[in-house]
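Engineer: I have a structure I would like to understand better, so I am pasting it below and will then ask my questions one at a time.
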Amino acid sequence: MVFEEPEAHLHPQMENIFIKFLNRITSANEYVATEIKEANILAVNQDMNTSEEVMEEVAVAVAFTVSDQIVSDKDLISFQMFITTHSSEMAKSIDLSSIRVLRPKNHMESKIFDLRLFIAGLNPSEFAFYNKFFQFNMIEMVFADKLILFEGDAERLLLKYLIINDSRFRILSAQYISYIQVGGAYAYNYLKLIDFLEIKTLILSDIDYRYDSEDIEKEAYELIKDVVKRNTSNKTIEEITEKSNIKDIYKSQIKNKGKYSISKFVCLKFQTYKDGYARTLEDAILKNLLNVKTVFNKVSKQEFQKYIDQHNLQIAPSKKSETSIRDRVDKLSRKTDFMYSMIEHSQIENSVPTYILEGLNWLQE
């Protein structure tokens with residue numbers, strides 16, 4: 001039985017119901033087949049001559065049990081189904097082992113990726129992770145030309161805005177990009193599926209070095225010396241770079257340009273000294289917008305308020321006589337509102353962090 005792109009005739013909610021209905025039919029058939037097989041074994045063991053009658057009775061009895069919810073007994077026959085779809089809503093309702101992905105290798109050749117083989121190579125903890133997260137967080141990956149994995153909602157807003165509106169990324173805007181929000185601790189868990197599907201992937205993450213309350217009082221040069229001696233708390237950066245010390249991570253990033261041996265399909269980008277030693281996306285944006293050397297440089301209360309008013313920033317005013325970008329962002333609770341204000345007042349294009357630009361340029365190559 002073949003269903004070709006049934007989503008063309010169904011509302012998204014009905015797509016899900018349609019697949020669930022088919023799953024219940026196949027489950028019922030498997031149940032009937034099992035009951036018949038067990039009845040046959042029983043008949044043979046008891047040296048009965050009426051095994052066919054027993055099997056028929058079992059089939060009818062099982063069909064009667066499920067018919068009120070699924071189908072009548074005449075529909076309970078063995079069959080195979082083949083469904084072609086471009087719908088993530090439909091695909092997420094299908095068991096992981098039943099999915100086959102057809103992806104183009106070039107203009108003349110395609111390749112089939114059998115996810116049954118993928119899950120066969122996973123250890124128990126990996127299988128548990130993919131089985132739990134695939135349907136609602138990874139399903140878009142199988143339909144994508146390229147992937148961007150990122151941490152939070154602010155990154156999603158920025159990336160989608162840039163790719164749609166910035167002429168520098170015109171090529172990317174014509175491709176099917178899947179945006180997968182993964183947080184800082186889990187992105188590396190997706191690497192096996194990325195490699196299996198052979199999808200070019202950009203991972204954007206925050207460097208996440210330790211920032212203490214006493215750091216507020218330190219001068220920029222002093223704080224830089226301290227920060228590069230600290231470790232990142234970002235598990236993905238640790239796993240991919242195989243380093244934890246900030247200075248070592250910086251060196252590795254500059255040397256490898258985001259490409260690491262763990263995967264030839266992945267580029268990992270995060271803040272470095274090119275972004276003024278920023279710790280987060282917001283740090284790096286404000287460093288460019290305010291045109292300061294580092295995020296640790298102090299700015300007077302009056303000067304900071306001038307920037308807030310001039311650029312219509314969603315940042316609460318400071319009570320201190322002077323503060324740094326790092327201090328202000330560390331107390332920024334509504335990062336999504338901040339990003340909305342940046343986009344609304346056209347402040348994004350000239351303040352995009354270096355690591356974001358480098359990552360998108362790589363993805364576009």
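Residues in the structure tokens are named by chain (A, B, ... in the order shown) and by number from 1 within that chain; ligands are numbered from 1 in the order shown.
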With only C-alpha atoms as the counted atoms, please give the residues lying no more than 12 Å from Trp362 (chain A), apart from itself and same-chain residues fewer than 6 positions off, as a PyMOL selection string.
Structural biologist: chain A and resi 146+148+169+171-172+200-203+257-259+265-269+355-356
Engineer: For Ile249 (chain A), work out the shell of residues within 12 Å, counting only C-alpha atoms and skipping chain neighbours fewer than 2 positions away, then give it as a PyMOL selection string.
Structural biologist: chain A and resi 207-209+227-232+234+237-247+251-258+260+268-273
Engineer: Considering only C-alpha atoms, state which residue in the set A:Met90, A:Phe304, A:Arg116, A:Glu198 is at the smallest distance from Asn16 (chain A).
Structural biologist: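 For Asn16 (chain A), the nearest of the candidates is A:Met90.
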Engineer: Enumerate the residues of region 176-348 of chain A with a DSSP assignment of strand (DSSP E or B), computed from the backbone, and present them as a list of chain:residue names.
Structural biologist: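 Strand (DSSP E or B) members of region 176-348 of chain A, listed: A:Ile177, A:Ser178, A:Tyr179, A:Ile180, A:Gln181, A:Lys200, A:Thr201, A:Leu202, A:Ile203, A:Leu204, A:Tyr209, A:Asn231, A:Thr232, A:Asn245, A:Lys259, A:Val266, A:Cys267, A:Leu268, A:Lys269, A:Lys298, A:Val299, A:Ser300, A:Glu322, A:Thr323, A:Ser324.
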Engineer: Pick the closest to Leu360 (chain A) from A:Ile163, A:Met14, A:Glu126, A:Phe134: which is it, counting only C-alpha atoms?
Structural biologist: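 Nearest candidate to Leu360 (chain A) out of A:Ile163, A:Met14, A:Glu126, A:Phe134: A:Ile163.
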Engineer: Rounded to one decimal place, report the CA of Ile285 (chain A)-CA of Ser300 (chain A) distance in Å.
Structural biologist: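 Going from CA of Ile285 (chain A) over to CA of Ser300 (chain A), I get 18.6 Å.
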Engineer: From the list A:Met342, A:Ile180, A:Leu289, A:Met108, which residue is nearest Phe136 (chain A) when using only C-alpha atoms?
Structural biologist: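 Residue with the minimum atom-to-atom distance to Phe136 (chain A): A:Ile180.
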